[in-house]
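Trainee: My structure file data_19.txt, compact mmCIF, C-alpha atoms, is below:
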# COMPACT_ATOMS: atom_id res chain seq x y z
CA MET Z 1 167.92 68.23 -165.81
CA ALA Z 2 165.01 69.73 -163.86
CA LEU Z 3 163.91 71.71 -166.92
CA LEU Z 4 163.98 68.60 -169.03
CA PHE Z 5 161.70 66.87 -166.56
CA SER Z 6 159.22 69.75 -166.59
CA LYS Z 7 157.88 68.85 -170.03
CA LEU Z 8 155.56 65.90 -170.48
CA SER Z 9 156.61 64.20 -173.68
CA LEU Z 10 153.74 62.78 -175.70
CA LEU Z 11 155.98 61.74 -178.58
CA SER Z 12 155.49 58.27 -179.93
CA ILE Z 13 158.06 55.83 -178.61
CA SER Z 14 157.31 53.17 -181.21
CA MET Z 15 160.61 53.95 -183.00
CA PHE Z 16 162.46 52.96 -179.85
CA LEU Z 17 160.56 49.88 -178.81
CA ILE Z 18 159.76 46.40 -180.01
CA VAL Z 19 156.64 45.25 -178.26
CA ARG Z 20 156.89 41.49 -177.75
CA SER Z 21 154.12 40.80 -175.25
CA ALA Z 22 150.81 40.32 -176.99
CA PHE Z 23 149.28 39.49 -173.60
CA ALA Z 24 150.29 42.33 -171.32
CA GLY Z 25 150.98 45.03 -173.90
CA ASP Z 26 153.89 46.24 -171.78
CA PHE Z 27 157.15 47.52 -173.24
CA SER Z 28 160.04 45.30 -174.13
CA ILE Z 29 163.40 46.84 -174.92
CA LEU Z 30 164.84 44.19 -177.21
CA GLY Z 31 166.15 45.91 -180.32
CA TYR Z 32 166.84 49.24 -178.61
CA SER Z 33 170.07 50.69 -180.00
CA GLU Z 34 173.10 51.46 -177.87
CA ASP Z 35 172.67 55.17 -178.70
CA ASP Z 36 169.06 55.08 -177.49
CA LEU Z 37 170.10 53.55 -174.17
CA THR Z 38 172.83 56.12 -173.58
CA SER Z 39 170.93 59.23 -174.75
CA ASN Z 40 169.59 61.04 -171.69
CA ASP Z 41 167.03 62.96 -173.79
CA ARG Z 42 165.59 59.76 -175.21
CA LEU Z 43 165.57 58.09 -171.80
CA ILE Z 44 163.76 61.09 -170.33
CA ASP Z 45 161.13 60.89 -173.09
CA LEU Z 46 160.71 57.18 -172.39
CA PHE Z 47 160.38 57.81 -168.64
CA GLU Z 48 157.80 60.57 -169.16
CA SER Z 49 155.80 58.35 -171.51
CA TRP Z 50 155.95 55.56 -168.93
CA LEU Z 51 154.72 57.94 -166.22
CA ALA Z 52 151.79 58.98 -168.39
CA LYS Z 53 150.92 55.38 -169.26
CA HIS Z 54 150.81 54.33 -165.59
CA VAL Z 55 149.40 57.65 -164.28
CA LYS Z 56 152.28 58.20 -161.87
CA SER Z 57 153.63 61.39 -160.29
CA TYR Z 58 155.96 62.33 -157.45
CA ALA Z 59 155.74 64.88 -154.65
CA THR Z 60 159.15 66.47 -155.25
CA ILE Z 61 161.63 66.91 -158.07
CA GLU Z 62 164.20 65.14 -155.90
CA GLU Z 63 161.99 62.07 -155.69
CA LYS Z 64 161.39 62.18 -159.45
CA LEU Z 65 165.12 62.37 -160.14
CA HIS Z 66 165.70 59.41 -157.83
CA ARG Z 67 162.97 57.38 -159.52
CA PHE Z 68 164.44 58.21 -162.93
CA GLU Z 69 167.75 56.71 -161.83
CA VAL Z 70 165.98 53.56 -160.59
CA PHE Z 71 164.01 53.43 -163.84
CA LYS Z 72 167.21 53.60 -165.91
CA ASP Z 73 168.81 50.81 -163.91
CA ASN Z 74 165.74 48.60 -164.38
CA LEU Z 75 165.66 49.48 -168.08
CA MET Z 76 169.24 48.29 -168.51
CA HIS Z 77 168.47 45.03 -166.71
CA ILE Z 78 165.45 44.43 -168.94
CA ASP Z 79 167.41 45.15 -172.11
CA GLU Z 80 170.39 43.00 -171.15
CA THR Z 81 168.13 40.12 -170.10
CA ASN Z 82 166.06 40.21 -173.28
CA LYS Z 83 169.23 40.07 -175.40
CA LYS Z 84 170.19 36.77 -173.77
CA LEU Z 85 166.84 34.96 -173.66
CA ASP Z 86 164.27 33.58 -176.06
CA SER Z 87 161.98 31.48 -173.83
CA TYR Z 88 160.55 34.46 -171.95
CA TRP Z 89 160.96 38.23 -171.97
CA LEU Z 90 160.74 41.21 -169.66
CA GLY Z 91 158.99 44.56 -170.04
CA LEU Z 92 158.60 48.01 -168.48
CA ASN Z 93 155.55 47.40 -166.33
CA GLU Z 94 154.18 49.54 -163.49
CA PHE Z 95 156.98 48.40 -161.14
CA ALA Z 96 159.78 49.97 -163.21
CA ASP Z 97 160.40 52.83 -160.76
CA LEU Z 98 160.93 50.47 -157.81
CA SER Z 99 164.27 49.04 -156.83
CA HIS Z 100 164.21 45.30 -156.48
CA GLU Z 101 164.54 45.52 -152.69
CA GLU Z 102 161.58 47.91 -152.54
CA PHE Z 103 159.54 45.61 -154.76
CA LYS Z 104 160.21 42.55 -152.60
CA ALA Z 105 159.30 44.41 -149.42
CA LYS Z 106 155.98 45.60 -150.84
CA TYR Z 107 154.66 42.74 -152.97
CA LEU Z 108 155.75 39.48 -151.35
CA GLY Z 109 154.18 38.17 -148.16
CA LEU Z 110 154.36 34.44 -147.54
CA GLU Z 111 155.28 33.25 -144.04
CA VAL Z 112 156.66 29.74 -144.27
CA ASP Z 113 157.16 27.94 -140.98
CA MET Z 114 157.30 24.29 -141.93
CA LEU Z 115 157.31 23.25 -138.27
CA ARG Z 116 153.92 24.84 -137.77
CA ARG Z 117 152.47 23.70 -141.08
CA SER Z 118 150.57 20.46 -140.57
CA ASP Z 119 151.17 18.00 -143.41
CA SER Z 120 147.91 16.28 -144.32
CA SER Z 121 149.20 14.71 -147.53
CA GLU Z 122 148.43 11.25 -146.17
CA GLY Z 123 144.83 11.95 -147.14
CA PHE Z 124 145.78 13.04 -150.66
CA ARG Z 125 142.66 12.04 -152.61
CA TYR Z 126 144.18 12.18 -156.07
CA ARG Z 127 147.01 9.77 -155.38
CA ASN Z 128 145.65 7.09 -157.72
CA ALA Z 129 144.36 9.42 -160.43
CA GLY Z 130 145.39 8.25 -163.88
CA ASN Z 131 144.97 9.10 -167.55
CA LEU Z 132 145.57 12.78 -167.02
CA PRO Z 133 144.73 15.11 -169.91
CA LYS Z 134 147.66 16.59 -171.82
CA SER Z 135 146.56 20.06 -170.82
CA VAL Z 136 144.15 21.71 -168.40
CA ASP Z 137 143.06 25.34 -168.17
CA TRP Z 138 140.55 26.10 -165.42
CA ARG Z 139 140.05 29.59 -166.85
CA LYS Z 140 138.39 28.03 -169.89
CA LYS Z 141 136.27 25.85 -167.59
CA GLY Z 142 134.86 28.89 -165.81
CA ALA Z 143 136.50 28.20 -162.45
CA VAL Z 144 138.81 31.24 -162.25
CA THR Z 145 137.78 34.80 -161.42
CA PRO Z 146 139.47 37.81 -163.09
CA VAL Z 147 143.00 38.64 -161.93
CA LYS Z 148 143.07 40.73 -158.76
CA ASN Z 149 145.61 43.17 -157.34
CA GLN Z 150 146.91 42.88 -153.79
CA GLY Z 151 148.55 46.32 -153.99
CA GLN Z 152 151.30 47.18 -151.52
CA CYS Z 153 150.01 44.75 -148.91
CA GLY Z 154 151.76 41.45 -148.23
CA SER Z 155 148.52 39.53 -148.61
CA CYS Z 156 149.49 37.13 -151.41
CA TRP Z 157 148.62 34.23 -149.08
CA ALA Z 158 145.00 35.41 -148.93
CA PHE Z 159 144.74 35.72 -152.72
CA SER Z 160 146.22 32.26 -153.21
CA THR Z 161 143.74 30.79 -150.73
CA VAL Z 162 140.76 32.56 -152.22
CA ALA Z 163 141.60 31.55 -155.81
CA ALA Z 164 141.61 27.88 -154.79
CA VAL Z 165 138.34 28.20 -152.85
CA GLU Z 166 136.68 30.05 -155.74
CA GLY Z 167 137.75 27.22 -158.01
CA ILE Z 168 136.43 24.28 -155.99
CA ASN Z 169 133.21 26.16 -155.25
CA GLN Z 170 132.56 26.63 -158.97
CA ILE Z 171 133.42 23.01 -159.74
CA VAL Z 172 131.03 21.71 -157.09
CA THR Z 173 128.17 24.23 -157.37
CA GLY Z 174 128.51 25.60 -160.90
CA ASN Z 175 128.65 29.15 -159.52
CA LEU Z 176 131.76 31.30 -159.89
CA THR Z 177 131.71 33.76 -156.99
CA SER Z 178 134.51 36.23 -156.31
CA LEU Z 179 135.36 35.85 -152.63
CA SER Z 180 136.83 38.17 -150.00
CA GLU Z 181 140.55 38.31 -149.35
CA GLN Z 182 139.89 41.22 -147.01
CA GLU Z 183 137.96 38.98 -144.61
CA LEU Z 184 141.01 36.75 -144.26
CA ILE Z 185 143.30 39.74 -143.76
CA ASP Z 186 141.04 41.29 -141.09
CA CYS Z 187 139.80 38.22 -139.27
CA ASP Z 188 142.28 35.34 -139.65
CA LYS Z 189 144.68 36.45 -136.92
CA GLU Z 190 145.55 33.33 -134.91
CA PHE Z 191 148.52 32.40 -137.12
CA ASN Z 192 148.33 34.73 -140.13
CA SER Z 193 149.41 38.36 -140.06
CA GLY Z 194 147.34 40.33 -142.56
CA CYS Z 195 149.50 42.56 -144.77
CA ASN Z 196 152.59 41.22 -143.01
CA GLY Z 197 152.24 37.73 -144.43
CA GLY Z 198 150.52 34.42 -143.87
CA LEU Z 199 150.13 30.84 -144.98
CA MET Z 200 147.41 29.25 -147.10
CA ASP Z 201 146.89 26.13 -144.97
CA TYR Z 202 146.09 28.29 -141.95
CA ALA Z 203 143.66 30.30 -144.07
CA PHE Z 204 141.84 27.15 -145.20
CA SER Z 205 141.50 26.09 -141.56
CA PHE Z 206 140.13 29.53 -140.67
CA ILE Z 207 137.48 29.36 -143.40
CA VAL Z 208 136.29 26.01 -142.04
CA SER Z 209 136.13 27.23 -138.44
CA ASN Z 210 134.60 30.55 -139.49
CA GLY Z 211 131.73 28.81 -141.26
CA GLY Z 212 132.72 30.09 -144.70
CA LEU Z 213 133.94 33.16 -146.54
CA HIS Z 214 131.94 36.16 -147.72
CA SER Z 215 131.85 37.42 -151.27
CA GLU Z 216 134.11 40.19 -152.55
CA GLU Z 217 131.03 42.35 -153.05
CA ASP Z 218 129.92 41.98 -149.42
CA TYR Z 219 133.42 42.36 -147.98
CA PRO Z 220 135.50 44.36 -150.52
CA TYR Z 221 139.29 44.62 -150.64
CA LEU Z 222 140.98 47.69 -149.10
CA MET Z 223 144.68 47.06 -149.94
CA GLU Z 224 145.35 47.50 -146.21
CA GLU Z 225 144.40 45.88 -142.93
CA GLY Z 226 141.00 46.73 -141.49
CA THR Z 227 138.79 45.74 -138.57
CA CYS Z 228 137.09 42.36 -138.68
CA GLU Z 229 133.48 42.99 -139.71
CA GLU Z 230 131.45 40.79 -137.37
CA LYS Z 231 128.19 42.34 -138.58
CA LYS Z 232 128.63 40.69 -141.96
CA LYS Z 233 128.08 37.26 -140.45
CA GLY Z 234 124.42 37.42 -141.39
CA LEU Z 235 125.23 37.52 -145.09
CA GLY Z 236 125.71 34.47 -147.30
CA VAL Z 237 129.04 32.70 -147.37
CA VAL Z 238 130.86 30.07 -149.44
CA THR Z 239 131.93 27.07 -147.38
CA ILE Z 240 134.57 24.36 -147.65
CA THR Z 241 134.86 21.13 -145.67
CA GLY Z 242 138.65 21.18 -145.21
CA TYR Z 243 141.91 21.07 -147.09
CA GLU Z 244 144.63 18.62 -148.10
CA ASP Z 245 148.33 18.95 -148.87
CA VAL Z 246 149.87 17.57 -152.04
CA PRO Z 247 152.92 15.36 -151.31
CA GLN Z 248 155.96 17.60 -151.11
CA ASN Z 249 158.42 17.81 -154.02
CA ASP Z 250 156.22 15.62 -156.22
CA GLU Z 251 155.33 17.21 -159.55
CA GLU Z 252 153.32 14.21 -160.71
CA SER Z 253 151.07 14.55 -157.67
CA LEU Z 254 150.74 18.28 -158.30
CA LEU Z 255 149.52 17.58 -161.84
CA LYS Z 256 147.11 14.92 -160.59
CA ALA Z 257 145.54 17.43 -158.25
CA LEU Z 258 145.64 20.25 -160.78
CA ALA Z 259 143.75 18.15 -163.29
CA HIS Z 260 140.86 18.16 -160.80
CA GLN Z 261 140.90 21.69 -159.34
CA PRO Z 262 142.92 24.91 -159.00
CA LEU Z 263 145.60 24.78 -156.32
CA SER Z 264 147.30 27.07 -153.83
CA VAL Z 265 151.05 26.98 -154.38
CA ALA Z 266 154.06 28.77 -152.96
CA ILE Z 267 157.05 29.94 -154.99
CA GLU Z 268 160.17 32.02 -154.63
CA ALA Z 269 159.30 35.17 -156.55
CA SER Z 270 162.12 37.35 -155.28
CA GLY Z 271 164.20 37.06 -158.45
CA ARG Z 272 164.52 40.32 -160.37
CA ASP Z 273 163.12 38.82 -163.56
CA PHE Z 274 159.83 38.12 -161.76
CA GLN Z 275 159.37 41.84 -161.20
CA PHE Z 276 159.40 42.54 -164.94
CA TYR Z 277 158.15 39.26 -166.45
CA SER Z 278 156.09 40.09 -169.50
CA GLY Z 279 155.52 36.85 -171.42
CA GLY Z 280 156.72 33.43 -172.50
CA VAL Z 281 157.54 30.30 -170.50
CA PHE Z 282 159.56 31.41 -167.51
CA ASP Z 283 162.64 29.30 -166.82
CA GLY Z 284 164.83 31.93 -165.17
CA HIS Z 285 167.12 31.70 -162.20
CA CYS Z 286 165.37 31.39 -158.85
CA GLY Z 287 165.86 29.48 -155.64
CA SER Z 288 163.38 27.61 -153.51
CA GLU Z 289 163.11 29.91 -150.47
CA LEU Z 290 159.33 30.27 -150.68
CA ASP Z 291 158.16 33.86 -150.29
CA HIS Z 292 155.03 34.30 -152.43
CA GLY Z 293 151.62 32.64 -152.56
CA VAL Z 294 149.95 32.17 -155.95
CA ALA Z 295 147.45 29.79 -157.59
CA ALA Z 296 148.09 27.08 -160.16
CA VAL Z 297 145.15 27.07 -162.59
CA GLY Z 298 146.32 24.75 -165.37
CA TYR Z 299 149.16 23.17 -167.27
CA GLY Z 300 150.17 22.59 -170.86
CA SER Z 301 152.99 22.58 -173.40
CA THR Z 302 154.24 24.81 -176.18
CA LYS Z 303 156.95 23.96 -178.72
CA GLY Z 304 157.96 20.97 -176.64
CA VAL Z 305 158.27 22.96 -173.40
CA ASP Z 306 155.98 21.96 -170.52
CA TYR Z 307 154.60 24.61 -168.16
CA ILE Z 308 152.22 25.32 -165.29
CA ILE Z 309 149.77 28.23 -165.61
CA VAL Z 310 150.03 30.41 -162.50
CA LYS Z 311 147.59 33.14 -161.48
CA ASN Z 312 149.32 36.00 -159.69
CA SER Z 313 147.84 38.87 -157.63
CA TRP Z 314 149.82 41.82 -159.02
CA GLY Z 315 147.08 43.03 -161.37
CA ALA Z 316 146.30 42.31 -165.01
CA LYS Z 317 149.05 44.61 -166.33
CA TRP Z 318 151.76 42.29 -165.04
CA GLY Z 319 152.91 39.29 -167.08
CA GLU Z 320 150.49 37.62 -169.46
CA LYS Z 321 147.40 39.56 -168.34
CA GLY Z 322 148.24 38.76 -164.72
CA TYR Z 323 149.47 35.20 -165.31
CA ILE Z 324 152.85 33.54 -165.70
CA ARG Z 325 153.67 30.24 -167.38
CA MET Z 326 156.34 28.50 -165.33
CA LYS Z 327 158.40 25.69 -166.80
CA ARG Z 328 157.83 22.20 -165.40
CA ASN Z 329 159.78 18.95 -165.88
CA THR Z 330 162.94 20.74 -164.81
CA GLY Z 331 164.52 17.66 -163.23
CA LYS Z 332 164.43 19.30 -159.81
CA ALA Z 333 162.26 17.67 -157.14
CA GLY Z 334 161.17 21.04 -155.83
CA GLY Z 335 160.39 22.32 -159.31
CA LEU Z 336 161.17 25.74 -160.72
CA CYS Z 337 161.25 28.34 -157.92
CA GLY Z 338 160.15 25.63 -155.46
CA ILE Z 339 156.67 25.35 -156.96
CA ASN Z 340 156.39 21.66 -155.98
CA LYS Z 341 157.38 22.20 -152.36
CA MET Z 342 154.20 23.49 -150.75
CA VAL Z 343 150.95 22.78 -152.58
CA SER Z 344 147.48 22.48 -151.07
CA TYR Z 345 143.83 22.67 -152.01
CA PRO Z 346 140.46 23.05 -150.28
CA THR Z 347 137.86 20.28 -150.23
CA LYS Z 348 134.11 20.68 -150.61
CA LYS Z 349 131.34 18.10 -150.55
CA LYS Z 350 128.90 17.97 -153.43
Would you mind writing the file out in structure tokens?
Mentor:
Amino acid sequence: MALLFSKLSLLSISMFLIVRSAFAGDFSILGYSEDDLTSNDRLIDLFESWLAKHVKSYATIEEKLHRFEVFKDNLMHIDETNKKLDSYWLGLNEFADLSHEEFKAKYLGLEVDMLRRSDSSEGFRYRNAGNLPKSVDWRKKGAVTPVKNQGQCGSCWAFSTVAAVEGINQIVTGNLTSLSEQELIDCDKEFNSGCNGGLMDYAFSFIVSNGGLHSEEDYPYLMEEGTCEEKKKGLGVVTITGYEDVPQNDEESLLKALAHQPLSVAIEASGRDFQFYSGGVFDGHCGSELDHGVAAVGYGSTKGVDYIIVKNSWGAKWGEKGYIRMKRNTGKAGGLCGINKMVSYPTKKK
């Protein structure tokens, strides 16, 4: 086995794979034969090709052997899932050598304490909005920055917050400025906990009290907690006037708000299919125990299926170039994966 691992296979794997994600370009295993999935030589070649694609290596042969076993288990899950589904599909992305428990520990980071979260939905400004467009995509309107990558830091709450602030700032000022998640991680410490999790409402409140948020360029992301940079206070910031909560478990209200600006939303992303989502309209099994902060940046329909466009913070190689389309109109008040349960947005005066 060790000798087999010593060679780096550069053989084409196109004869083994059917690539179904035009967005992410990641592997999908649908169509793989039973012999392919049970041949250790072919699985080793696939693993080595995956390592080369994602520029990964391991310190010891023991670790590599362990990761190969995890990889095979994930591969089987992807293949079995893709055989059963047609609305969405999974692929071998950069997380394929992580067990699901490892993945959850490293890439989720929402702290939900509903007793501490102040509900300001009474001031929901879009309550009487009508005549909503059939579809909205804030990416096409220039209000969404490129997909970012939180890395192995539980800072999803900061990325969710920043995406919503970037959006309203562009809508009001016409300027799309990439803002600093790192400043929130380093400085917003009263209720939020940096790489150990946080909540978007608290982050909005911090930005107001802090007098704004610096740009990504002035306060770049480190993928780890740092020291709050007080000296940067002299640089320009983007401000907001406050935030509001969308009425809980109310998809119509979510769409009313989303038609006007990008939103911070919370979801349960701990399902295994989330780890390997590669494309399509996601309608998989998930609960509503919120554990991940993301941003809703639009909505639409395809082939009679309605969805919400969600911007994630796991890099552009995940999903549909960093995005996931999540099914709406599910008949559940909380929505798919609880997406209707905790929605908020920043406010900014013109």
Trainee: Expressed in Å to a single decimal, how great is the separation between atom CA of Gly322 of chain Z and atom CA of Ala295 of chain Z?
Mentor: 11.5 Å
Trainee: At a cut-off of 12 Å, using all atoms listed in the file, what residues contact His292 of chain Z? Leave out same-chain residues fewer than 6 positions from it and give the result as a PyMOL selection string.
Mentor: chain Z and resi 104-112+150+154-161+196-200+264-271+274+310-314+337-339+342
Trainee: Counting only C-alpha atoms, which of Z:Leu290, Z:Ala203, Z:Leu43, Z:Leu255 gets nearest to Ile308 of chain Z?
Mentor: Z:Leu255
Trainee: Between Z:Lys256, Z:Arg127, Z:Arg325, Z:Lys141, which has the minimum distance to Trp89 of chain Z (counting all atoms listed in the file)?
Mentor: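 Ranking Z:Lys256, Z:Arg127, Z:Arg325, Z:Lys141 by distance to Trp89 of chain Z, first place goes to Z:Arg325.
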Trainee: For Met76 of chain Z, find every residue with an atom within 9 Å (counting all atoms listed in the file), except residues of its own chain fewer than 4 positions away, and show them as a VMD selection string.
Mentor: chain Z and resid 29 37 71 to 72 80 to 81
Trainee: Just the selected residues (C-alpha atoms), exported as a PDB file, in the coordinates of the input, please.
Mentor:
ATOM      1  CA  ILE Z  29     163.400  46.840-174.920  1.00  0.00           C
ATOM      2  CA  LEU Z  37     170.100  53.550-174.170  1.00  0.00           C
ATOM      3  CA  PHE Z  71     164.010  53.430-163.840  1.00  0.00           C
ATOM      4  CA  LYS Z  72     167.210  53.600-165.910  1.00  0.00           C
ATOM      5  CA  GLU Z  80     170.390  43.000-171.150  1.00  0.00           C
ATOM      6  CA  THR Z  81     168.130  40.120-170.100  1.00  0.00           C
TER       7      THR Z  81
END
Trainee: Restricting the calculation to all atoms listed in the file: of Z:Gly298, Z:Gly212, Z:Gly226, Z:Lys327, which residue gets closest to Ser193 of chain Z?
Mentor: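 Closest to Ser193 of chain Z of all the choices is Z:Gly226.
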Trainee: Please measure the separation of atom CA of Arg125 of chain Z and atom CA of Tyr202 of chain Z, giving the value in Å to one decimal.
Mentor: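 Computing the Euclidean distance for atom CA of Arg125 of chain Z and atom CA of Tyr202 of chain Z yields 19.7 Å.
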Trainee: Give me the residues near Thr173 of chain Z as JSON, numbers by chain, where near means some atom within 12 Å (using all atoms listed in the file) and where sequence neighbours in that chain fewer than 6 positions away do not count.
Mentor: {"Z": [142, 143, 165, 166, 167, 238, 239, 240, 348, 349, 350]}
Trainee: Please return as a list in words every residue within 10 Å of (166.4, 29.3, -161.3), taking into account all atoms listed in the file and the file's own coordinates.
Mentor: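 Residues found, by chain and rising number: Glu268, Gly271, Phe282, Asp283, Gly284, His285, Cys286, Gly287, Ser288, Thr330, Gly335, Leu336, Cys337 and Gly338 of chain Z.
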Trainee: When you count all atoms listed in the file, which of these residues is closest to Arg139 of chain Z: Z:Arg42, Z:Val55, Z:Leu176, Z:Leu184?
Mentor: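 Of Z:Arg42, Z:Val55, Z:Leu176, Z:Leu184, the one nearest Arg139 of chain Z is Z:Leu176, counting all atoms listed in the file.
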Trainee: With distances taken over only C-alpha atoms, which of Z:Gly315, Z:Gly293, Z:Gly300, Z:Pro247 is nearest to Pro146 of chain Z?
Mentor: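 Closest residue, counting only C-alpha atoms: Z:Gly315.
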Trainee: Looking at only C-alpha atoms, which of Z:His100, Z:His260, Z:Lys317, Z:Lys84 is the one that sits closest to Ala129 of chain Z?
Mentor: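 Closest to Ala129 of chain Z, using only C-alpha atoms: Z:His260.
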Trainee: Calculate how many Å separate atom CA of Phe95 of chain Z from atom CA of Asp45 of chain Z, rounding to one decimal.
Mentor: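 Pair atom CA of Phe95 of chain Z / atom CA of Asp45 of chain Z returns 17.8 Å.
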Trainee: Since the input lacks atoms, please generate all heavy atoms for segment 172-179 of chain Z and provide them as a PDB file, keeping the file's coordinate frame.
Mentor:
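Generated output (part-v8.pdb):
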ATOM      1  N   VAL Z 172     132.061  22.467-157.817  1.00  0.00           N
ATOM      2  CA  VAL Z 172     131.030  21.710-157.090  1.00  0.00           C
ATOM      3  C   VAL Z 172     129.633  22.281-157.310  1.00  0.00           C
ATOM      4  O   VAL Z 172     128.668  21.532-157.487  1.00  0.00           O
ATOM      5  CB  VAL Z 172     131.359  21.683-155.580  1.00  0.00           C
ATOM      6  CG1 VAL Z 172     130.208  21.062-154.785  1.00  0.00           C
ATOM      7  CG2 VAL Z 172     132.638  20.891-155.337  1.00  0.00           C
ATOM      8  N   THR Z 173     129.504  23.614-157.322  1.00  0.00           N
ATOM      9  CA  THR Z 173     128.170  24.230-157.370  1.00  0.00           C
ATOM     10  C   THR Z 173     127.791  24.778-158.745  1.00  0.00           C
ATOM     11  O   THR Z 173     126.609  25.017-159.012  1.00  0.00           O
ATOM     12  CB  THR Z 173     128.075  25.394-156.373  1.00  0.00           C
ATOM     13  OG1 THR Z 173     128.908  26.479-156.823  1.00  0.00           O
ATOM     14  CG2 THR Z 173     128.500  24.936-154.984  1.00  0.00           C
ATOM     15  N   GLY Z 174     128.790  24.993-159.610  1.00  0.00           N
ATOM     16  CA  GLY Z 174     128.510  25.600-160.900  1.00  0.00           C
ATOM     17  C   GLY Z 174     128.495  27.120-160.852  1.00  0.00           C
ATOM     18  O   GLY Z 174     128.305  27.770-161.879  1.00  0.00           O
ATOM     19  N   ASN Z 175     128.688  27.699-159.672  1.00  0.00           N
ATOM     20  CA  ASN Z 175     128.650  29.150-159.520  1.00  0.00           C
ATOM     21  C   ASN Z 175     130.052  29.702-159.264  1.00  0.00           C
ATOM     22  O   ASN Z 175     130.723  29.287-158.321  1.00  0.00           O
ATOM     23  CB  ASN Z 175     127.751  29.537-158.338  1.00  0.00           C
ATOM     24  CG  ASN Z 175     126.320  29.087-158.534  1.00  0.00           C
ATOM     25  OD1 ASN Z 175     125.771  29.198-159.628  1.00  0.00           O
ATOM     26  ND2 ASN Z 175     125.712  28.569-157.478  1.00  0.00           N
ATOM     27  N   LEU Z 176     130.469  30.648-160.099  1.00  0.00           N
ATOM     28  CA  LEU Z 176     131.760  31.300-159.890  1.00  0.00           C
ATOM     29  C   LEU Z 176     131.516  32.590-159.122  1.00  0.00           C
ATOM     30  O   LEU Z 176     130.959  33.550-159.641  1.00  0.00           O
ATOM     31  CB  LEU Z 176     132.438  31.605-161.229  1.00  0.00           C
ATOM     32  CG  LEU Z 176     133.818  32.272-161.130  1.00  0.00           C
ATOM     33  CD1 LEU Z 176     134.810  31.372-160.396  1.00  0.00           C
ATOM     34  CD2 LEU Z 176     134.347  32.629-162.520  1.00  0.00           C
ATOM     35  N   THR Z 177     131.924  32.608-157.869  1.00  0.00           N
ATOM     36  CA  THR Z 177     131.710  33.760-156.990  1.00  0.00           C
ATOM     37  C   THR Z 177     133.059  34.309-156.551  1.00  0.00           C
ATOM     38  O   THR Z 177     133.900  33.583-156.019  1.00  0.00           O
ATOM     39  CB  THR Z 177     130.911  33.349-155.739  1.00  0.00           C
ATOM     40  OG1 THR Z 177     129.668  32.767-156.143  1.00  0.00           O
ATOM     41  CG2 THR Z 177     130.657  34.552-154.838  1.00  0.00           C
ATOM     42  N   SER Z 178     133.283  35.596-156.771  1.00  0.00           N
ATOM     43  CA  SER Z 178     134.510  36.230-156.310  1.00  0.00           C
ATOM     44  C   SER Z 178     134.422  36.412-154.803  1.00  0.00           C
ATOM     45  O   SER Z 178     133.476  37.017-154.287  1.00  0.00           O
ATOM     46  CB  SER Z 178     134.690  37.593-156.999  1.00  0.00           C
ATOM     47  OG  SER Z 178     135.902  38.196-156.610  1.00  0.00           O
ATOM     48  N   LEU Z 179     135.408  35.880-154.087  1.00  0.00           N
ATOM     49  CA  LEU Z 179     135.360  35.850-152.630  1.00  0.00           C
ATOM     50  C   LEU Z 179     136.314  36.876-152.002  1.00  0.00           C
ATOM     51  O   LEU Z 179     137.164  37.447-152.674  1.00  0.00           O
ATOM     52  CB  LEU Z 179     135.688  34.447-152.127  1.00  0.00           C
ATOM     53  CG  LEU Z 179     134.724  33.352-152.607  1.00  0.00           C
ATOM     54  CD1 LEU Z 179     135.181  31.980-152.146  1.00  0.00           C
ATOM     55  CD2 LEU Z 179     133.307  33.646-152.117  1.00  0.00           C
TER      56      LEU Z 179
END
